[in-house]
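Taking it in order: structure first as structure tokens, then the write-up.
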Amino acid sequence: MELVEILFTVGFWTAVIRMATPLIFGTLGELICERAGVLNLGIEGIMTFGAMIAWMWVYQGGDLYSAIVVAAIAGAVFGVLHSGLTVYLGVSQHVSGIGITLLASSFSYFIFRVMLPDVTTPPKIESFEPLAIPLLSSIPFIGPALFQQTVITYIALALIPVFSYVLYRTPFGLAVRMVGENPLAVEAQGIDVLALRTIAVAIGSALMAIGGAFLTISVFDAFYFGMINGRGWICIALVIFASWKPGKAFLGTILFAGFDALQIRIQQESGIGIPYQFFLMLPYLLSIAALILISRKAAYPKALLVPFRKGER
Amino acid sequence: MRLERRQGVSLWLRLTLPVMAIAIALLLCSTLLLWAGVSVSDAYLSLAQGAFGSKFALTETLTRATPLIFTGLAAAVAFRAKLWNIGGEGQLYMGAMAITLFGTGAVTLPPVLMVPFLFLVAVLGGGMLLLVSAALKTWLRVDEVVTTLLLNFVVLLLVDYLLFGPWKDPMALGWPQAARIVDEGRLATIVPRSRLHTGLLFALGAACLVWVVMRFTRWGFEIRAVGHNIFAAGFSGIPVKLAVIRTALLSGGLAACAGVTEVAGTKGYLTVDISPGFGYTGIAVAMLAGLNPLGVIAAAVFFAGIYNGADSMSRAMNVSNYIADVMTATALLSMLVCSLLVNYRLKRN
């Protein structure tokens with residue numbers, strides 16, 4: 001099949017939207033943290049934990065919708081922990097984030113092993129079925145690609161305009177954007193800088209965890225070790241690529257998922273003598289390339305990485 | 001309550017902090033052990049015995065501490081300069097690949113020269129990898145955290161490709177492993193009937209060397225100055241970019257040495273799983289050591305003990321050995337909190 005032909009198949013675009021879903025959650029989650037001035041390197045671990053806890057919830061008899069809520073709450077708890085360390089105590093955001101990732105992922109594996117000590121093949125659950133939206137899904141081409149997805153993908157697609165609206169058109173969004181640029185100005189308005197940052201990080205981390213949960217309760221039906229596989233780090237690259245703007249972030253995730261889906265299709269075309277490992281490297285190399293292209297112009301939030309302490313400048 | 005900056009910190013406080021952090025970590029993890037349904041005291045006793053309880057346990061712990069000293073030093077040096085090298089894992093495998101390339105028959109030197117030669121090629125390999133990220137950071141302002149993290153995955157896939165493809169040893173009965181390192185290049189065993197090899201001596205030597213360099217030389221001073229305040233350093237005439245590049249070569253090179261100790265020492269040949277995350281654990285090692293190169297030795301032995309102890313504990317009591325990773329992460333986070341007390345004190349308003 002020709003490369004161009006692939007781009008015009010419905011199956012390809014269905015896959016792109018599906019593969020973009022966890023990245024949309026992760027990227028928006030990281031974006032709000034960084035807009036508030038806090039780098040959250042805990043993302044990789046938080047996504048792992050979200051994936052594990054949502055799966056475990058359903059495996060233990062919970063329903064799929066409440067599993068999303070459970071993942072979000074768990075993510076927010078890790079967010080509050082990260083915020084407690086970096087916002088209230090002002091320790092290094094890099095090291096705390098790596099610590100959160102180590103903690104959340106090892107904690108996920110530990111819980112999984114303790115609750116299921118003797119399983120060799122990962123047990124399966126009934127995951128979300130694709131839900132065709134009446135009328136919309138019968139639009140040719142766009143319909144099946146966009147409107148025959150699972151519920152979590154719809155949430156992701158709806159999240160982008162809601163997220164943009166909240167960030168740009170509400171007092172809360174204004175405060176979040178301001179606290180990442182000039183926390184003193186926020187304090188002068190009588191807003192608690194530390195609490196505001198904590199809320200932003202908690203919301204962001206909750207989104208990350210839902211992104212992870214999507215993998216176990218929507219795409220696959222089991223929890224595997226190392227299943228996040230660097231997706232969190234790619235989200236961090238995507239946030240920079242998107243210059244901290246939600247709309248661009250959505251574009252970035254679609255572009256990225258598009259390349260990823262394309263490489264899988266090309267890989268499946270036999271007869272190309274390139275070993276599969278090189279295809280698997282592409283997403284990571286692509287993220288680095290995107291960063292190189294964009295970074296000279298990157299306008300970081302001014303107060304990113306800078307802890308705020310009352311009365312200290 | 002608020003935090004107030006401390007003037008001067010006593011050595012005594014510096015030494016107590018890691019102990020406090022470890023105590024907090026053990027306390028927090030005991031709740032997990034209770035949840036897993038085992039007796040906490042039995043579990044920790046079994047862990048301690050597995051870590052340091054016999055000659056065998058001790059040599060195994062030191063064998064495991066060897067690569068951790070190197071990755072810990074790598075993180076300590078880089079973090080001093082605020083170069084956020086999270087790519088220790090990738091650099092370790094770069095070192096491992098470099099010595100597999102040169103050490104499996106391509107070059108043969110007498111043992112006295114062969115081992116240093118292997119360390120040299122590994123250091124170049126690992127240094128080059130981190131140099132890519134450092135150069136991108138210095139000249140193109142590309143965030144080094146993301147590039148070092150992502151390169152870990154790229155390097156690991158490259159190793160995977162080589163071991164399933166061109167480097168696959170036909171004598172290995174189908175296992176994906178490379179040919180053995182030639183005898184001249186192997187790190188000799190230092191305790192009979194154990195796996196402990198001369199890599200430990202190299203690691204201890206490296207720790208002392210790094211300590212001297214960081215503390216007493218101009219290069220070390222420049223690295224520290226860049227880490228404290230990059231603008232002030234540049235303003236006072238320190239070649240900032242050069243200092244960052246030097247830091248990258250040193251840090252990447254040190255992480256790569258961990259690959260040497262595993263391939264030329266512990267294992268004898270390259271496999272995909274020579275490192276169970278030594279690169280990441282190195283960060284915890286460096287933080288527990290307060291970024292002090294000599295402290296890294298003690299911290300590495302401690303974490304190696306945790307991992308070995310957890311292995312034997314999981315066999316004896318049927319608790320998942322992921323508890324070791326949880327302990328490492330908890331110790332890292334509690335050390336972060338404790339290290340805050342080095343610079344600040346709590347004061348009532």
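By convention in this document, the chains of the structure tokens carry letters A, B, ... by their order, each chain's residues are numbered from 1, and ligands are numbered from 1 in the order they are shown.
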Return as a tab-separated table the residues of chain B lying at most 8 Å from chain A, together with the closest atom-to-atom pair for each and the distance in Å to one decimal, counting only C-alpha atoms, with rows in chain order and ascending residue number.
```
residue	atom	partner	partner_atom	distance
B:Ala36	CA	A:Val114	CA	6.2
B:Trp84	CA	A:His94	CA	7.5
B:Leu136	CA	A:Ile292	CA	7.5
B:Leu140	CA	A:Arg296	CA	5.7
B:Arg141	CA	A:Ser295	CA	5.9
B:Val142	CA	A:Ser295	CA	5.4
B:Asp143	CA	A:Ser295	CA	7.9
B:Val146	CA	A:Ala237	CA	6.4
B:Thr147	CA	A:Ile288	CA	6.1
B:Leu149	CA	A:Trp233	CA	7.1
B:Leu150	CA	A:Tyr284	CA	5.6
B:Leu151	CA	A:Tyr284	CA	7.3
B:Phe153	CA	A:Tyr284	CA	7.3
B:Val154	CA	A:Met281	CA	5.3
B:Leu157	CA	A:Gln277	CA	5.7
B:Leu158	CA	A:Gln277	CA	6.9
B:Asp160	CA	A:Gln277	CA	7.3
B:Tyr161	CA	A:Gln277	CA	5.9
B:Ala284	CA	A:Gly99	CA	7.9
B:Val319	CA	A:Val114	CA	7.0
B:Ser320	CA	A:Arg113	CA	6.0
B:Asn321	CA	A:Phe110	CA	7.8
B:Tyr322	CA	A:Phe110	CA	5.2
B:Ile323	CA	A:Phe110	CA	6.3
B:Asp325	CA	A:Ser106	CA	5.6
B:Val326	CA	A:Ser106	CA	5.4
B:Ala329	CA	A:Leu103	CA	4.9
B:Thr330	CA	A:Leu103	CA	6.6
B:Leu332	CA	A:Gly99	CA	6.3
B:Leu333	CA	A:Gly99	CA	5.9
B:Leu336	CA	A:Val91	CA	6.7
B:Val337	CA	A:Leu85	CA	7.1
B:Leu340	CA	A:Val91	CA	7.0
```
Would you put the residues from that selection into a file with C-alpha atoms, as a PDB file, in the first residue's frame?
```pdb
ATOM      1  CA  ALA B  36       0.999  -7.375  52.713  1.00  0.00           C
ATOM      2  CA  TRP B  84      19.780  17.378  35.134  1.00  0.00           C
ATOM      3  CA  LEU B 136      21.654  20.818  22.786  1.00  0.00           C
ATOM      4  CA  LEU B 140      19.928  25.394  21.386  1.00  0.00           C
ATOM      5  CA  ARG B 141      18.301  25.689  24.826  1.00  0.00           C
ATOM      6  CA  VAL B 142      16.763  22.214  24.533  1.00  0.00           C
ATOM      7  CA  ASP B 143      15.687  20.912  27.932  1.00  0.00           C
ATOM      8  CA  VAL B 146      13.605  15.375  28.361  1.00  0.00           C
ATOM      9  CA  THR B 147      16.438  14.521  25.974  1.00  0.00           C
ATOM     10  CA  LEU B 149      15.179  10.587  29.504  1.00  0.00           C
ATOM     11  CA  LEU B 150      14.137   9.865  25.926  1.00  0.00           C
ATOM     12  CA  LEU B 151      17.635   8.794  24.872  1.00  0.00           C
ATOM     13  CA  PHE B 153      14.719   4.395  25.493  1.00  0.00           C
ATOM     14  CA  VAL B 154      16.589   4.886  22.214  1.00  0.00           C
ATOM     15  CA  LEU B 157      16.249  -0.315  21.772  1.00  0.00           C
ATOM     16  CA  LEU B 158      19.626  -0.117  20.034  1.00  0.00           C
ATOM     17  CA  ASP B 160      17.974  -4.844  21.855  1.00  0.00           C
ATOM     18  CA  TYR B 161      18.519  -4.646  18.098  1.00  0.00           C
ATOM     19  CA  ALA B 284      18.543   8.249  44.803  1.00  0.00           C
ATOM     20  CA  VAL B 319       6.502 -10.419  49.720  1.00  0.00           C
ATOM     21  CA  SER B 320       7.058  -8.832  46.330  1.00  0.00           C
ATOM     22  CA  ASN B 321      10.628  -7.532  45.995  1.00  0.00           C
ATOM     23  CA  TYR B 322       9.232  -4.346  44.446  1.00  0.00           C
ATOM     24  CA  ILE B 323       9.249  -3.227  48.079  1.00  0.00           C
ATOM     25  CA  ASP B 325      12.025   0.096  44.757  1.00  0.00           C
ATOM     26  CA  VAL B 326       9.352   1.588  46.996  1.00  0.00           C
ATOM     27  CA  ALA B 329      11.838   6.095  46.258  1.00  0.00           C
ATOM     28  CA  THR B 330      10.603   6.796  49.795  1.00  0.00           C
ATOM     29  CA  LEU B 332      14.816   9.663  48.132  1.00  0.00           C
ATOM     30  CA  LEU B 333      11.751  11.754  48.932  1.00  0.00           C
ATOM     31  CA  LEU B 336      14.698  15.686  50.028  1.00  0.00           C
ATOM     32  CA  VAL B 337      12.615  16.866  52.965  1.00  0.00           C
ATOM     33  CA  LEU B 340      15.776  21.121  53.443  1.00  0.00           C
TER      34      LEU B 340
END
```
Spatial neighbours of Ala76 of chain B, max dist 8 Å, only C-alpha atoms, sep filter under 2 positions, as a VMD selection string: chain B and resid 72 to 74 78 to 80 283 286 to 287 291 to 293
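Nearest residue to Leu157 of chain A among A:Leu23, A:Ile266, A:Val77, A:Ala185 is A:Leu23, counting only C-alpha atoms.
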With only C-alpha atoms as the atoms that count, which of A:Ile264, A:Val80, A:Val4, A:Ala156 lies nearest to Phe250 of chain A?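 Checking each of A:Ile264, A:Val80, A:Val4, A:Ala156 against Phe250 of chain A, counting only C-alpha atoms, the winner is A:Ala156.
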Neighbour list for Ala331 of chain B as a list in words, cut-off 8 Å, only C-alpha atoms, skip fewer than 4 positions in-chain: Ala21, Ile22, Ile24, Ala25, Ala284, Leu288, Met327 and Met335 of chain B
Residue subset to file, keeping C-alpha atoms, as a tab-separated table (two decimals), in the first residue's frame:
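Saved result, again-v9.tsv, follows:
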```
chain	number	residue	atom	x	y	z
B	21	ALA	CA	15.66	9.93	56.02
B	22	ILE	CA	16.28	6.18	56.11
B	24	ILE	CA	11.40	7.69	57.92
B	25	ALA	CA	11.50	5.53	54.79
B	284	ALA	CA	18.54	8.25	44.80
B	288	LEU	CA	20.99	10.36	49.94
B	327	MET	CA	11.90	1.94	49.82
B	335	MET	CA	15.95	12.76	52.09
```
Determine, counting only C-alpha atoms, which protein, DNA and RNA residues have an atom within 8 Å of an atom of Tyr269 of chain B; residues of the same chain fewer than 4 positions away are not included. Present the result as JSON, numbers by chain. {"B": [100, 177, 178, 179, 180, 181, 263, 264]}
Selection file, N, CA and C atoms, as a tab-separated table (two decimals), in the first residue's frame:
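Output below, filename selection16.tsv:
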```tsv
chain	number	residue	atom	x	y	z
B	100	THR	N	31.76	-3.88	24.51
B	100	THR	CA	31.45	-5.08	23.74
B	100	THR	C	32.03	-4.95	22.33
B	177	GLN	N	22.41	-12.65	23.68
B	177	GLN	CA	23.55	-12.09	24.40
B	177	GLN	C	24.73	-11.98	23.45
B	178	ALA	N	25.62	-11.01	23.77
B	178	ALA	CA	26.77	-10.78	22.91
B	178	ALA	C	27.89	-11.75	23.28
B	179	ALA	N	28.94	-11.77	22.46
B	179	ALA	CA	30.10	-12.62	22.75
B	179	ALA	C	30.75	-12.18	24.06
B	180	ARG	N	31.51	-13.10	24.66
B	180	ARG	CA	32.14	-12.79	25.94
B	180	ARG	C	33.27	-11.79	25.77
B	181	ILE	N	33.49	-11.00	26.81
B	181	ILE	CA	34.65	-10.11	26.85
B	181	ILE	C	35.89	-11.00	26.96
B	263	VAL	N	29.39	-5.63	32.59
B	263	VAL	CA	29.69	-6.49	31.45
B	263	VAL	C	31.04	-7.19	31.61
B	264	ALA	N	32.08	-6.42	32.01
B	264	ALA	CA	33.41	-7.03	32.12
B	264	ALA	C	33.61	-7.67	33.49
```
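In terms of minimum interatomic distance to Glu269 of chain A, A:Leu3 ranks closest within A:Leu238, A:Val58, A:Leu3, A:Ile133, counting only C-alpha atoms.
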Near Val176 of chain A, within 10 Å and counting only C-alpha atoms, which residues show up once chain neighbours fewer than 2 positions away are dropped, as a ChimeraX atom specification? /A:32-37,166-168,170-174,178-181,183,186,193,196-197,199-200
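For Ile297 of chain B, the non-local neighbours within 9 Å, defined as residues at least 6 positions apart in the same chain or in other chains and counting only C-alpha atoms, are Ala65, Thr66, Leu68, Ile69, Gly72, Leu73, Ala203, Leu204, Ala207, Val285 and Ala289 of chain B.
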Write to file, as a compact mmCIF listing (two decimals), in the first residue's frame, the residues of the selection just made, with C-alpha atoms.
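Output file again-v2.txt is given in full below:
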```
# COMPACT_ATOMS: atom_id res chain seq x y z
CA ALA B 65 26.92 -1.51 45.05
CA THR B 66 29.72 -1.25 42.47
CA LEU B 68 25.52 2.08 41.92
CA ILE B 69 28.65 3.95 43.07
CA GLY B 72 25.53 7.73 41.92
CA LEU B 73 28.73 9.66 41.17
CA ALA B 203 34.54 2.49 41.87
CA LEU B 204 36.14 3.42 45.21
CA ALA B 207 34.76 8.23 44.17
CA VAL B 285 22.11 7.30 45.76
CA ALA B 289 24.71 11.17 49.83
```
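The space between atom CA of Gly212 of chain A and atom CA of Ile228 of chain A spans 7.2 Å.
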Excluding Gly220 of chain B and its own-chain neighbours fewer than 3 positions away, which residues fall within 10 Å of it when counting only C-alpha atoms? Please give them as a list in words. Val77, Arg80, Ala81, Val210, Trp211, Val212, Val213, Met214, Arg215, Phe216, Thr217, Ile223, Arg224, Ala225, Val226, Ala243, Arg246 and Thr247 of chain B
Which residue of B:Pro192, B:Pro67, B:Gly185, B:Pro116 approaches Tyr280 of chain B most closely, using only C-alpha atoms: B:Pro67
Counting only C-alpha atoms, the option among A:Tyr59, A:Ala249, A:Gly143, A:Ala20 closest to Val219 of chain A: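 Comparing A:Tyr59, A:Ala249, A:Gly143, A:Ala20 against Val219 of chain A, the winner is A:Ala20.
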List every residue of segment 165-226 of chain A that DSSP, applied to the backbone of this structure, places in alpha helix (DSSP H), and write the result as a ChimeraX atom specification. /A:165-169,171-181,183-188,193-214
Go ahead and save the residues from that selection, with N, CA and C atoms, as a tab-separated table (two decimals), in the first residue's frame.
```
chain	number	residue	atom	x	y	z
A	165	TYR	N	-11.04	27.04	27.65
A	165	TYR	CA	-11.96	28.04	28.19
A	165	TYR	C	-11.57	28.39	29.62
A	166	VAL	N	-11.37	27.35	30.43
A	166	VAL	CA	-11.05	27.59	31.84
A	166	VAL	C	-9.73	28.36	31.95
A	167	LEU	N	-8.74	27.99	31.14
A	167	LEU	CA	-7.43	28.62	31.26
A	167	LEU	C	-7.44	30.07	30.80
A	168	TYR	N	-8.23	30.37	29.76
A	168	TYR	CA	-8.15	31.71	29.18
A	168	TYR	C	-9.33	32.61	29.51
A	169	ARG	N	-10.46	32.04	29.95
A	169	ARG	CA	-11.65	32.88	30.08
A	169	ARG	C	-12.24	32.90	31.49
A	171	PRO	N	-11.55	33.49	35.87
A	171	PRO	CA	-10.63	34.05	36.87
A	171	PRO	C	-9.62	33.01	37.36
A	172	PHE	N	-10.10	31.76	37.53
A	172	PHE	CA	-9.20	30.71	37.99
A	172	PHE	C	-8.06	30.51	36.98
A	173	GLY	N	-8.43	30.44	35.69
A	173	GLY	CA	-7.42	30.26	34.66
A	173	GLY	C	-6.43	31.40	34.63
A	174	LEU	N	-6.94	32.61	34.78
A	174	LEU	CA	-6.06	33.78	34.79
A	174	LEU	C	-5.07	33.68	35.95
A	175	ALA	N	-5.59	33.28	37.13
A	175	ALA	CA	-4.74	33.17	38.30
A	175	ALA	C	-3.66	32.11	38.08
A	176	VAL	N	-4.05	30.97	37.47
A	176	VAL	CA	-3.07	29.90	37.22
A	176	VAL	C	-1.98	30.39	36.28
A	177	ARG	N	-2.39	31.09	35.20
A	177	ARG	CA	-1.38	31.57	34.25
A	177	ARG	C	-0.47	32.60	34.92
A	178	MET	N	-1.07	33.41	35.80
A	178	MET	CA	-0.29	34.47	36.43
A	178	MET	C	0.69	33.90	37.46
A	179	VAL	N	0.26	32.84	38.16
A	179	VAL	CA	1.12	32.32	39.23
A	179	VAL	C	2.37	31.65	38.65
A	180	GLY	N	2.29	31.27	37.39
A	180	GLY	CA	3.47	30.71	36.73
A	180	GLY	C	4.38	31.77	36.17
A	181	GLU	N	3.86	32.99	36.07
A	181	GLU	CA	4.68	34.07	35.52
A	181	GLU	C	5.19	34.98	36.63
A	183	PRO	N	4.36	35.19	40.65
A	183	PRO	CA	3.61	34.84	41.86
A	183	PRO	C	3.43	36.01	42.82
A	184	LEU	N	4.37	36.96	42.81
A	184	LEU	CA	4.21	38.12	43.70
A	184	LEU	C	2.95	38.91	43.35
A	185	ALA	N	2.69	39.02	42.04
A	185	ALA	CA	1.49	39.74	41.60
A	185	ALA	C	0.24	39.02	42.07
A	186	VAL	N	0.29	37.68	42.06
A	186	VAL	CA	-0.86	36.89	42.51
A	186	VAL	C	-1.08	37.13	44.00
A	187	GLU	N	0.02	37.16	44.75
A	187	GLU	CA	-0.10	37.38	46.19
A	187	GLU	C	-0.67	38.76	46.47
A	188	ALA	N	-0.25	39.73	45.65
A	188	ALA	CA	-0.75	41.09	45.82
A	188	ALA	C	-2.26	41.17	45.62
A	193	VAL	N	-0.78	31.87	46.91
A	193	VAL	CA	0.06	31.32	45.84
A	193	VAL	C	0.23	29.81	46.00
A	194	LEU	N	0.55	29.39	47.23
A	194	LEU	CA	0.87	27.98	47.45
A	194	LEU	C	-0.35	27.10	47.22
A	195	ALA	N	-1.51	27.55	47.72
A	195	ALA	CA	-2.73	26.75	47.54
A	195	ALA	C	-3.10	26.67	46.07
A	196	LEU	N	-2.98	27.79	45.37
A	196	LEU	CA	-3.33	27.83	43.95
A	196	LEU	C	-2.46	26.86	43.15
A	197	ARG	N	-1.16	26.88	43.42
A	197	ARG	CA	-0.26	25.97	42.72
A	197	ARG	C	-0.61	24.52	43.03
A	198	THR	N	-0.93	24.27	44.32
A	198	THR	CA	-1.29	22.91	44.71
A	198	THR	C	-2.51	22.42	43.95
A	199	ILE	N	-3.53	23.29	43.83
A	199	ILE	CA	-4.74	22.90	43.10
A	199	ILE	C	-4.40	22.59	41.65
A	200	ALA	N	-3.59	23.44	41.03
A	200	ALA	CA	-3.22	23.23	39.63
A	200	ALA	C	-2.48	21.90	39.46
A	201	VAL	N	-1.54	21.62	40.35
A	201	VAL	CA	-0.76	20.38	40.23
A	201	VAL	C	-1.66	19.16	40.48
A	202	ALA	N	-2.60	19.30	41.44
A	202	ALA	CA	-3.51	18.18	41.72
A	202	ALA	C	-4.39	17.88	40.50
A	203	ILE	N	-4.94	18.95	39.89
A	203	ILE	CA	-5.78	18.75	38.70
A	203	ILE	C	-4.96	18.12	37.58
A	204	GLY	N	-3.77	18.67	37.35
A	204	GLY	CA	-2.90	18.14	36.30
A	204	GLY	C	-2.58	16.68	36.52
A	205	SER	N	-2.24	16.33	37.76
A	205	SER	CA	-1.88	14.94	38.04
A	205	SER	C	-3.07	14.01	37.88
A	206	ALA	N	-4.27	14.51	38.22
A	206	ALA	CA	-5.48	13.70	38.03
A	206	ALA	C	-5.66	13.38	36.55
A	207	LEU	N	-5.44	14.39	35.69
A	207	LEU	CA	-5.56	14.17	34.25
A	207	LEU	C	-4.55	13.13	33.77
A	208	MET	N	-3.31	13.23	34.26
A	208	MET	CA	-2.28	12.27	33.87
A	208	MET	C	-2.72	10.84	34.20
A	209	ALA	N	-3.27	10.69	35.42
A	209	ALA	CA	-3.68	9.35	35.86
A	209	ALA	C	-4.80	8.81	34.97
A	210	ILE	N	-5.73	9.69	34.54
A	210	ILE	CA	-6.80	9.23	33.64
A	210	ILE	C	-6.19	8.78	32.32
A	211	GLY	N	-5.17	9.52	31.85
A	211	GLY	CA	-4.47	9.12	30.62
A	211	GLY	C	-3.91	7.71	30.74
A	212	GLY	N	-3.33	7.42	31.92
A	212	GLY	CA	-2.81	6.07	32.13
A	212	GLY	C	-3.94	5.05	32.18
A	213	ALA	N	-5.03	5.42	32.88
A	213	ALA	CA	-6.17	4.51	33.02
A	213	ALA	C	-6.75	4.13	31.68
A	214	PHE	N	-6.73	5.08	30.72
A	214	PHE	CA	-7.25	4.82	29.38
A	214	PHE	C	-6.60	3.57	28.78
```
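Among the candidates B:Ser334, B:Ser46, B:Ser314, B:Thr138, the residue lying nearest to Ala23 of chain B is B:Ser334 (atoms considered: only C-alpha atoms).
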